[in-house]
Amino acid sequence: MTDYSKLLNPEQCEAATAGEGPLLVLAAAGTGKTRTLVYRVAYLVERGERPDGLLLLTFTNRAAREMLERAKEVAGDAVGNLLSGTFHHVCNRFLRRFGDRLGYPNDFTILDRDDSHALIDRCIKDTVRNKKDFPKKDVISSLIGSAANRACDIEDVLEQTVQELRVDPMEIIKVANLYAERKLAMGAMDFDDLLVNGLRLLVEHESVRDFYQNRFRHVLVDEYQDTNLLQARMVDILGGRSRNVMAVGDDFQCIYSWRGADFKNIMEFPKRWDGCRIVKLERNYRSVPEVLAVANACIQGNPEQFQKTLRPTRKARNKPQVFFLRDGDEQARAVLAMIRRYQEDGYALRDMAVLYRAHFHSIELQMMLGRARLPFVITSGIGVFEQAHVKDVVAFLRVCENRSDRMAFGRLLGMLSGVGEKTVDALWETLNGRFETSDPQQRARLVAALKPAARGQWQEIDRLMDEYHRERLATAGGEAVQRFCDVFYHTYLAKVYDNAERREEDIRELALQIGKSEGGVAGFLQEVALLTNVDHEYDKMAREHADMLRLSTVHQAKGLEWPVVIVIWASEGMFPSSRSMGESEDDAEERRLFYVAVTRAKDELVLCAPEMRRTRDGGVFFCKPSRFIKELPRGLTRESYGFRGGY
DNA sequence: GTTGGGAGAATTTTT
DNA sequence: TTCTCCCAAC
């Protein structure tokens, strides 16, 4: 039995080894939140809890995987296969098993953002008469999404926004209803549906609720401050019987309210759970005191939160630096020079990160780094699995595996020349709404229905589908992808894209990854839509051990840390972002975001504030240094004006 | 109905 | 610079 009091500080230990009952852990940044959760899992298993009686909800799949690995190191493989992952992932599991109760097939497909937008667009075209004045699909999509995540009807959302849109709300409701209808008809769910339906299963079906309430003796939730209403309800229900709910989070770090997250969930957790114990973690092991002083000072501007103060444990070192710079160009040169200097001081590139509010803030820097041949990785805006060419290839697999996957069918057939939306509709009709690729007759029917030009291209794919089932390639998905590329996609890529080579490399990379995935092609397909670039890169980085500088948005840097952190574009309008300031009256969320950025730094923190921004068409406008810098009391930072190629 | 060209717009954060 | 939309020609 592990002696936890030797491995953890008193507060961490109290949380990790707490007895039964609800527990709220308020863990400020860098105070060993993950460590506490890991040991909590290990402790429970050592105490004889069955691993499959534990549910661990995390913000990314990667976080779940890391925690499990570490828990295994402590308590051995007994930790085994407890259910863990994001809310979306866990709901996906629930729905694969019980989705039929809600009228979904067990092999329902998941629509990613692109799929869902495309479908909404078609719904608009099919219902709306004067499309000119009607809002674009993105707007409609976000209306539908925010209704789902706030667990209210679209009418309620419309009431607040419809004046500005000046459209007949009935039309929007019609589109939304049609969208819902079509999703159900094709057995598909979008991201929001996963949560909505996951919760519906628990609320509407007593037997399912019983099943999971009995199964999960302990529910542990990481990053609880970023849960939305649906997620909080789900946790409340899942823990309803055992009352063993452990929520871990930091209200200072709630940065996803634009997606429906509501930090009231964490504020009111003690009210909802009678007899809830609260443990505060305030001892920070990550950052030097000077960084913590800045962090504490910047969050002061936000009232109405749980009072927490980061208490340092590390020795004093350097004060954070603030650079006031002329423009983005000077900033890029300054950043490059700093990085070189830190390298001389003994930091590796992988020890450093450049953080920013929005992806496009980093373009100048990317070009500068490229010219200087300094290796860097970006946690990019578009997910690996959202890119067109990856989706094309995945569509082929989906069609092979799932005869009723309408979206994939459309995508695959649409690659043939002369085939567009309407033709796909007609073909799907000819096949009576399903395409069984293992059935030679059905395949022949499709071939016969194609126009000559398309038929020629399709024949190769048709043959491959035959091989797919004959040779059981479902267990060797990598091979299937390779062949698809050889017989068809290689040519298609060259025809459609000018950077075909790079995209083909991606495909070969993908083939490798599918080959490794447990559960073969089917297992891979059930999860693809939920994999994020962060999850993906984790594998890639681990494999390459590359020493590279990291460029990332603050959002994607959540939960990570680096010895050196450089924040760029800490200027009014950029950070805080003028866009987000428009909707919500106050800047509380932006300030929390800034707090997250600051608390990523272990040793060195640099804040850059350029005061001039150039637009594409050659215009310039000036921006003051960020209010988050201005708010800092004097003396906490070292300030420099301009950058003249040296220090 | 499909495709490709050309004009135009436009840049938050993501499961 | 890149993506998106719209329209006109096949």
# chains A, B, ... in the order shown; residues from 1 in each chain; ligands from 1
>>> interface_residues(of="chain A", to="chain B", cutoff="10 Å", atoms="only C-alpha atoms (C1' of nucleotides)", output="PyMOL selection string")
chain A and resi 59-60+86-89+112+191-192+255-259+357-361+381-383+417-423+529-532+553-556+574+577-580+593+616
>>> interface_residues(of="chain C", to="chain A", cutoff="12 Å", atoms="only C-alpha atoms (C1' of nucleotides)", output="PDB file with C-alpha atoms (C1' of nucleotides), in the first residue's frame")
ATOM      1  C1'  DT C   1      -2.888  35.348 -48.473  1.00  0.00           C
ATOM      2  C1'  DT C   2      -6.588  32.082 -48.520  1.00  0.00           C
ATOM      3  C1'  DT C   4     -16.026  31.333 -49.976  1.00  0.00           C
ATOM      4  C1'  DC C   5     -19.555  32.415 -52.701  1.00  0.00           C
ATOM      5  C1'  DC C   6     -21.876  33.378 -56.936  1.00  0.00           C
ATOM      6  C1'  DC C  10     -20.518  23.555 -70.578  1.00  0.00           C
TER       7       DC C  10
END
>>> closest_residue(among="A:Val528, A:Val208, A:Ala476, A:Ile363", to="Asp100 of chain A", atoms="only C-alpha atoms")
A:Val208
>>> closest_residue(among="A:Leu194, A:Leu119, A:Asp222, A:Asn9", to="Leu178 of chain A", atoms="only C-alpha atoms")
A:Leu119
>>> residues_around(residues="segment 394-409 of chain A", least_positions_apart="2", cutoff="7 Å", atoms="only C-alpha atoms (C1' of nucleotides)", output="count of residues only")
15
>>> select_by_dssp(residues="segment 10-135 of chain A", states="helix (DSSP H, G or I)", output="ChimeraX atom specification")
/A:10-16,33-46,51-53,61-79,87-102,113-127
>>> write_last_selection(atoms="C-alpha atoms", output="compact mmCIF listing (two decimals), in the first residue's frame")
# COMPACT_ATOMS: atom_id res chain seq x y z
CA PRO A 10 -1.31 17.77 3.11
CA GLU A 11 -4.06 19.32 0.98
CA GLN A 12 -3.38 17.10 -2.00
CA CYS A 13 -3.32 14.11 0.29
CA GLU A 14 -6.59 15.08 1.90
CA ALA A 15 -8.23 15.20 -1.52
CA ALA A 16 -6.65 12.03 -2.85
CA LYS A 33 -4.18 19.13 -9.79
CA THR A 34 -3.34 16.33 -12.17
CA ARG A 35 -1.07 14.72 -9.62
CA THR A 36 -3.89 14.75 -7.08
CA LEU A 37 -6.32 13.15 -9.52
CA VAL A 38 -3.79 10.52 -10.50
CA TYR A 39 -3.22 9.57 -6.90
CA ARG A 40 -6.93 9.64 -6.20
CA VAL A 41 -7.46 7.04 -8.89
CA ALA A 42 -4.54 4.98 -7.63
CA TYR A 43 -5.81 5.23 -4.06
CA LEU A 44 -9.30 4.08 -4.95
CA VAL A 45 -7.99 1.12 -6.87
CA GLU A 46 -5.61 0.17 -4.09
CA PRO A 51 -11.51 0.03 -12.07
CA ASP A 52 -14.61 -0.27 -14.22
CA GLY A 53 -16.57 1.28 -11.41
CA ASN A 61 -8.51 12.53 -24.53
CA ARG A 62 -4.83 13.12 -24.14
CA ALA A 63 -5.27 14.27 -20.54
CA ALA A 64 -7.14 11.06 -19.78
CA ARG A 65 -4.45 8.92 -21.34
CA GLU A 66 -1.68 10.68 -19.46
CA MET A 67 -3.44 10.34 -16.14
CA LEU A 68 -4.05 6.66 -16.66
CA GLU A 69 -0.45 6.00 -17.51
CA ARG A 70 0.71 7.79 -14.41
CA ALA A 71 -1.85 6.07 -12.20
CA LYS A 72 -0.59 2.73 -13.47
CA GLU A 73 2.91 3.65 -12.40
CA VAL A 74 1.65 4.21 -8.87
CA ALA A 75 -0.87 1.45 -8.39
CA GLY A 76 0.20 -0.99 -11.08
CA ASP A 77 -1.82 -2.35 -13.96
CA ALA A 78 -4.70 -2.96 -11.58
CA VAL A 79 -5.85 0.51 -12.60
CA PHE A 87 -17.72 14.10 -22.14
CA HIS A 88 -18.23 13.67 -25.86
CA HIS A 89 -16.22 10.50 -25.85
CA VAL A 90 -18.07 9.02 -22.89
CA CYS A 91 -21.47 9.96 -24.31
CA ASN A 92 -20.41 8.32 -27.53
CA ARG A 93 -19.81 5.12 -25.57
CA PHE A 94 -23.18 5.33 -23.85
CA LEU A 95 -24.94 5.92 -27.15
CA ARG A 96 -23.18 3.14 -29.02
CA ARG A 97 -24.67 0.85 -26.47
CA PHE A 98 -28.11 2.30 -25.78
CA GLY A 99 -28.71 4.74 -28.63
CA ASP A 100 -31.42 2.49 -30.04
CA ARG A 101 -33.65 3.59 -27.18
CA LEU A 102 -33.67 7.02 -28.76
CA ARG A 113 -18.33 20.77 -37.97
CA ASP A 114 -17.94 20.58 -41.73
CA ASP A 115 -20.54 17.85 -42.17
CA SER A 116 -22.98 19.65 -39.98
CA HIS A 117 -22.48 22.95 -41.79
CA ALA A 118 -22.97 21.29 -45.14
CA LEU A 119 -26.16 19.67 -43.97
CA ILE A 120 -27.50 22.91 -42.54
CA ASP A 121 -26.70 24.64 -45.79
CA ARG A 122 -28.83 22.17 -47.69
CA CYS A 123 -31.65 22.61 -45.22
CA ILE A 124 -31.51 26.34 -45.82
CA LYS A 125 -31.60 25.89 -49.58
CA ASP A 126 -34.57 23.56 -49.32
CA THR A 127 -36.73 25.73 -47.09
>>> residues_around(residues="Ser146 of chain A", least_positions_apart="4", cutoff="9 Å", atoms="only C-alpha atoms (C1' of nucleotides)", output="ChimeraX atom specification")
/A:141-142,150-152,154,157,258-260
>>> write_last_selection(atoms="N, CA and C atoms", output="PDB file, in the first residue's frame")
ATOM      1  N   SER A 141     -25.921  27.747 -37.658  1.00  0.00           N
ATOM      2  CA  SER A 141     -25.284  26.667 -36.909  1.00  0.00           C
ATOM      3  C   SER A 141     -24.998  27.082 -35.468  1.00  0.00           C
ATOM      4  N   SER A 142     -24.504  28.299 -35.295  1.00  0.00           N
ATOM      5  CA  SER A 142     -24.173  28.685 -33.927  1.00  0.00           C
ATOM      6  C   SER A 142     -25.433  28.950 -33.109  1.00  0.00           C
ATOM      7  N   ARG A 150     -27.195  25.257 -24.107  1.00  0.00           N
ATOM      8  CA  ARG A 150     -27.806  25.912 -22.958  1.00  0.00           C
ATOM      9  C   ARG A 150     -29.095  25.219 -22.570  1.00  0.00           C
ATOM     10  N   ALA A 151     -29.348  24.077 -23.205  1.00  0.00           N
ATOM     11  CA  ALA A 151     -30.523  23.268 -22.900  1.00  0.00           C
ATOM     12  C   ALA A 151     -31.809  24.072 -22.977  1.00  0.00           C
ATOM     13  N   CYS A 152     -31.950  24.857 -24.015  1.00  0.00           N
ATOM     14  CA  CYS A 152     -33.200  25.590 -24.192  1.00  0.00           C
ATOM     15  C   CYS A 152     -33.661  25.479 -25.641  1.00  0.00           C
ATOM     16  N   ILE A 154     -34.773  26.733 -29.408  1.00  0.00           N
ATOM     17  CA  ILE A 154     -34.185  27.714 -30.310  1.00  0.00           C
ATOM     18  C   ILE A 154     -34.957  29.026 -30.259  1.00  0.00           C
ATOM     19  N   VAL A 157     -33.293  31.376 -27.810  1.00  0.00           N
ATOM     20  CA  VAL A 157     -32.083  31.992 -28.336  1.00  0.00           C
ATOM     21  C   VAL A 157     -32.437  33.066 -29.347  1.00  0.00           C
ATOM     22  N   TRP A 258     -17.914  30.841 -24.158  1.00  0.00           N
ATOM     23  CA  TRP A 258     -18.474  31.051 -25.493  1.00  0.00           C
ATOM     24  C   TRP A 258     -19.002  29.745 -26.076  1.00  0.00           C
ATOM     25  N   ARG A 259     -18.601  28.654 -25.481  1.00  0.00           N
ATOM     26  CA  ARG A 259     -19.074  27.355 -25.957  1.00  0.00           C
ATOM     27  C   ARG A 259     -20.124  26.797 -25.004  1.00  0.00           C
ATOM     28  N   GLY A 260     -20.586  27.640 -24.116  1.00  0.00           N
ATOM     29  CA  GLY A 260     -21.647  27.205 -23.221  1.00  0.00           C
ATOM     30  C   GLY A 260     -21.174  26.850 -21.826  1.00  0.00           C
TER      31      GLY A 260
END
>>> residues_around(residues="Leu336 of chain A", least_positions_apart="6", cutoff="9 Å", atoms="only C-alpha atoms (C1' of nucleotides)", output="PyMOL selection string")
chain A and resi 365+368-369+372+374
>>> write_last_selection(atoms="C-alpha atoms", output="PDB file, in the first residue's frame")
ATOM      1  CA  LEU A 365       6.242  35.177 -36.559  1.00  0.00           C
ATOM      2  CA  MET A 368      10.184  35.013 -39.605  1.00  0.00           C
ATOM      3  CA  LEU A 369      10.919  31.660 -37.982  1.00  0.00           C
ATOM      4  CA  ALA A 372      15.551  31.845 -39.833  1.00  0.00           C
ATOM      5  CA  LEU A 374      14.172  27.675 -36.611  1.00  0.00           C
TER       6      LEU A 374
END
>>> residues_around(residues="segment 620-628 of chain A", least_positions_apart="5", cutoff="9 Å", atoms="only C-alpha atoms (C1' of nucleotides)", output="list in words")
Cys298, Gly301, Phe324, Trp569, Ala570, Ser571, Glu572, Gly573, Met574, Phe575, Pro576, Arg591, Phe594, Cys608, Ala609, Pro610, Glu611, Met612, Arg613, Arg614 and Thr615 of chain A
>>> write_last_selection(atoms="C-alpha atoms", output="compact mmCIF listing (two decimals), in the first residue's frame")
# COMPACT_ATOMS: atom_id res chain seq x y z
CA CYS A 298 -3.92 40.18 -13.06
CA GLY A 301 -9.60 42.50 -11.72
CA PHE A 324 6.56 47.61 -25.89
CA TRP A 569 0.13 40.64 -29.26
CA ALA A 570 -0.79 41.59 -25.72
CA SER A 571 -2.42 44.68 -27.15
CA GLU A 572 -5.91 46.10 -26.86
CA GLY A 573 -8.16 44.68 -29.54
CA MET A 574 -5.98 41.61 -29.91
CA PHE A 575 -5.80 40.40 -26.34
CA PRO A 576 -8.43 41.15 -25.08
CA ARG A 591 -8.78 38.21 -18.23
CA PHE A 594 -4.66 35.98 -19.86
CA CYS A 608 4.99 41.60 -25.96
CA ALA A 609 2.80 44.55 -26.83
CA PRO A 610 3.22 45.96 -30.34
CA GLU A 611 1.41 49.23 -30.83
CA MET A 612 0.77 49.20 -34.53
CA ARG A 613 -1.09 46.72 -36.65
CA ARG A 614 -0.95 46.48 -40.42
CA THR A 615 -3.89 45.19 -42.37
>>> atom_distance(atom1="atom CA of Leu349 of chain A", atom2="atom CA of Thr637 of chain A")
24.0 Å
>>> select_by_dssp(residues="segment 401-643 of chain A", states="strand (DSSP E)", output="ChimeraX atom specification")
/A:549-553,562-567,601-610,612-614,620-622,638-641
>>> closest_residue(among="A:Gly642, A:Gly520, A:Gly456, A:Gly32", to="Asp329 of chain A", atoms="only C-alpha atoms")
A:Gly642
>>> decode(residues="segment 236-267 of chain A", atoms="N, CA and C atoms", output="mmCIF file, in the first residue's frame")
data_model
loop_
_atom_site.group_PDB
_atom_site.id
_atom_site.type_symbol
_atom_site.label_atom_id
_atom_site.label_comp_id
_atom_site.auth_asym_id
_atom_site.auth_seq_id
_atom_site.Cartn_x
_atom_site.Cartn_y
_atom_site.Cartn_z
ATOM 1 N N ASP A 236 -24.228 15.185 -12.240
ATOM 2 C CA ASP A 236 -25.139 15.090 -11.095
ATOM 3 C C ASP A 236 -25.931 13.790 -11.120
ATOM 4 N N ILE A 237 -26.355 13.389 -12.314
ATOM 5 C CA ILE A 237 -27.132 12.158 -12.405
ATOM 6 C C ILE A 237 -26.252 10.932 -12.190
ATOM 7 N N LEU A 238 -25.113 10.920 -12.858
ATOM 8 C CA LEU A 238 -24.251 9.739 -12.760
ATOM 9 C C LEU A 238 -23.807 9.475 -11.326
ATOM 10 N N GLY A 239 -23.602 10.573 -10.575
ATOM 11 C CA GLY A 239 -23.173 10.399 -9.193
ATOM 12 C C GLY A 239 -24.346 10.350 -8.220
ATOM 13 N N GLY A 240 -25.547 10.396 -8.775
ATOM 14 C CA GLY A 240 -26.741 10.527 -7.946
ATOM 15 C C GLY A 240 -26.915 9.426 -6.915
ATOM 16 N N ARG A 241 -26.490 8.228 -7.238
ATOM 17 C CA ARG A 241 -26.692 7.143 -6.289
ATOM 18 C C ARG A 241 -25.530 7.017 -5.302
ATOM 19 N N SER A 242 -24.317 6.972 -5.834
ATOM 20 C CA SER A 242 -23.169 6.750 -4.951
ATOM 21 C C SER A 242 -22.818 8.010 -4.150
ATOM 22 N N ARG A 243 -23.177 9.165 -4.694
ATOM 23 C CA ARG A 243 -22.786 10.455 -4.133
ATOM 24 C C ARG A 243 -21.274 10.642 -4.055
ATOM 25 N N ASN A 244 -20.556 9.776 -4.762
ATOM 26 C CA ASN A 244 -19.101 9.928 -4.786
ATOM 27 C C ASN A 244 -18.682 10.700 -6.029
ATOM 28 N N VAL A 245 -18.856 12.003 -5.936
ATOM 29 C CA VAL A 245 -18.496 12.847 -7.061
ATOM 30 C C VAL A 245 -17.343 13.732 -6.658
ATOM 31 N N MET A 246 -16.293 13.706 -7.447
ATOM 32 C CA MET A 246 -15.158 14.561 -7.158
ATOM 33 C C MET A 246 -14.969 15.512 -8.337
ATOM 34 N N ALA A 247 -15.178 16.787 -8.086
ATOM 35 C CA ALA A 247 -15.003 17.780 -9.142
ATOM 36 C C ALA A 247 -13.729 18.555 -8.876
ATOM 37 N N VAL A 248 -12.879 18.632 -9.880
ATOM 38 C CA VAL A 248 -11.620 19.346 -9.733
ATOM 39 C C VAL A 248 -11.598 20.479 -10.741
ATOM 40 N N GLY A 249 -11.252 21.657 -10.286
ATOM 41 C CA GLY A 249 -11.227 22.758 -11.243
ATOM 42 C C GLY A 249 -10.755 24.052 -10.613
ATOM 43 N N ASP A 250 -10.725 25.060 -11.450
ATOM 44 C CA ASP A 250 -10.270 26.374 -11.015
ATOM 45 C C ASP A 250 -11.132 27.408 -11.729
ATOM 46 N N ASP A 251 -11.985 28.085 -10.970
ATOM 47 C CA ASP A 251 -12.876 29.047 -11.611
ATOM 48 C C ASP A 251 -12.114 30.165 -12.313
ATOM 49 N N PHE A 252 -10.867 30.410 -11.910
ATOM 50 C CA PHE A 252 -10.052 31.420 -12.596
ATOM 51 C C PHE A 252 -9.739 30.999 -14.025
ATOM 52 N N GLN A 253 -9.846 29.723 -14.280
ATOM 53 C CA GLN A 253 -9.421 29.243 -15.588
ATOM 54 C C GLN A 253 -10.582 28.834 -16.483
ATOM 55 N N CYS A 254 -11.758 29.332 -16.195
ATOM 56 C CA CYS A 254 -12.895 29.048 -17.071
ATOM 57 C C CYS A 254 -12.779 29.898 -18.331
ATOM 58 N N ILE A 255 -12.483 29.266 -19.448
ATOM 59 C CA ILE A 255 -12.210 30.014 -20.675
ATOM 60 C C ILE A 255 -13.042 29.534 -21.860
ATOM 61 N N TYR A 256 -14.069 28.773 -21.575
ATOM 62 C CA TYR A 256 -14.878 28.254 -22.674
ATOM 63 C C TYR A 256 -16.347 28.657 -22.577
ATOM 64 N N SER A 257 -16.624 29.798 -21.976
ATOM 65 C CA SER A 257 -18.046 30.128 -21.826
ATOM 66 C C SER A 257 -18.687 30.439 -23.167
ATOM 67 N N TRP A 258 -17.914 30.841 -24.158
ATOM 68 C CA TRP A 258 -18.474 31.051 -25.493
ATOM 69 C C TRP A 258 -19.002 29.745 -26.076
ATOM 70 N N ARG A 259 -18.601 28.654 -25.481
ATOM 71 C CA ARG A 259 -19.074 27.355 -25.957
ATOM 72 C C ARG A 259 -20.124 26.797 -25.004
ATOM 73 N N GLY A 260 -20.586 27.640 -24.116
ATOM 74 C CA GLY A 260 -21.647 27.205 -23.221
ATOM 75 C C GLY A 260 -21.174 26.850 -21.826
ATOM 76 N N ALA A 261 -19.846 26.845 -21.617
ATOM 77 C CA ALA A 261 -19.342 26.555 -20.282
ATOM 78 C C ALA A 261 -19.790 27.661 -19.328
ATOM 79 N N ASP A 262 -20.087 27.271 -18.114
ATOM 80 C CA ASP A 262 -20.627 28.212 -17.160
ATOM 81 C C ASP A 262 -19.944 27.988 -15.823
ATOM 82 N N PHE A 263 -19.134 28.967 -15.407
ATOM 83 C CA PHE A 263 -18.389 28.688 -14.181
ATOM 84 C C PHE A 263 -19.278 28.742 -12.947
ATOM 85 N N LYS A 264 -20.555 29.084 -13.136
ATOM 86 C CA LYS A 264 -21.482 28.954 -12.010
ATOM 87 C C LYS A 264 -21.590 27.499 -11.580
ATOM 88 N N ASN A 265 -21.369 26.589 -12.527
ATOM 89 C CA ASN A 265 -21.392 25.171 -12.173
ATOM 90 C C ASN A 265 -20.464 24.878 -11.007
ATOM 91 N N ILE A 266 -19.274 25.429 -11.091
ATOM 92 C CA ILE A 266 -18.304 25.151 -10.029
ATOM 93 C C ILE A 266 -18.613 25.987 -8.791
ATOM 94 N N MET A 267 -19.090 27.235 -9.006
ATOM 95 C CA MET A 267 -19.405 28.082 -7.860
ATOM 96 C C MET A 267 -20.532 27.473 -7.023
#
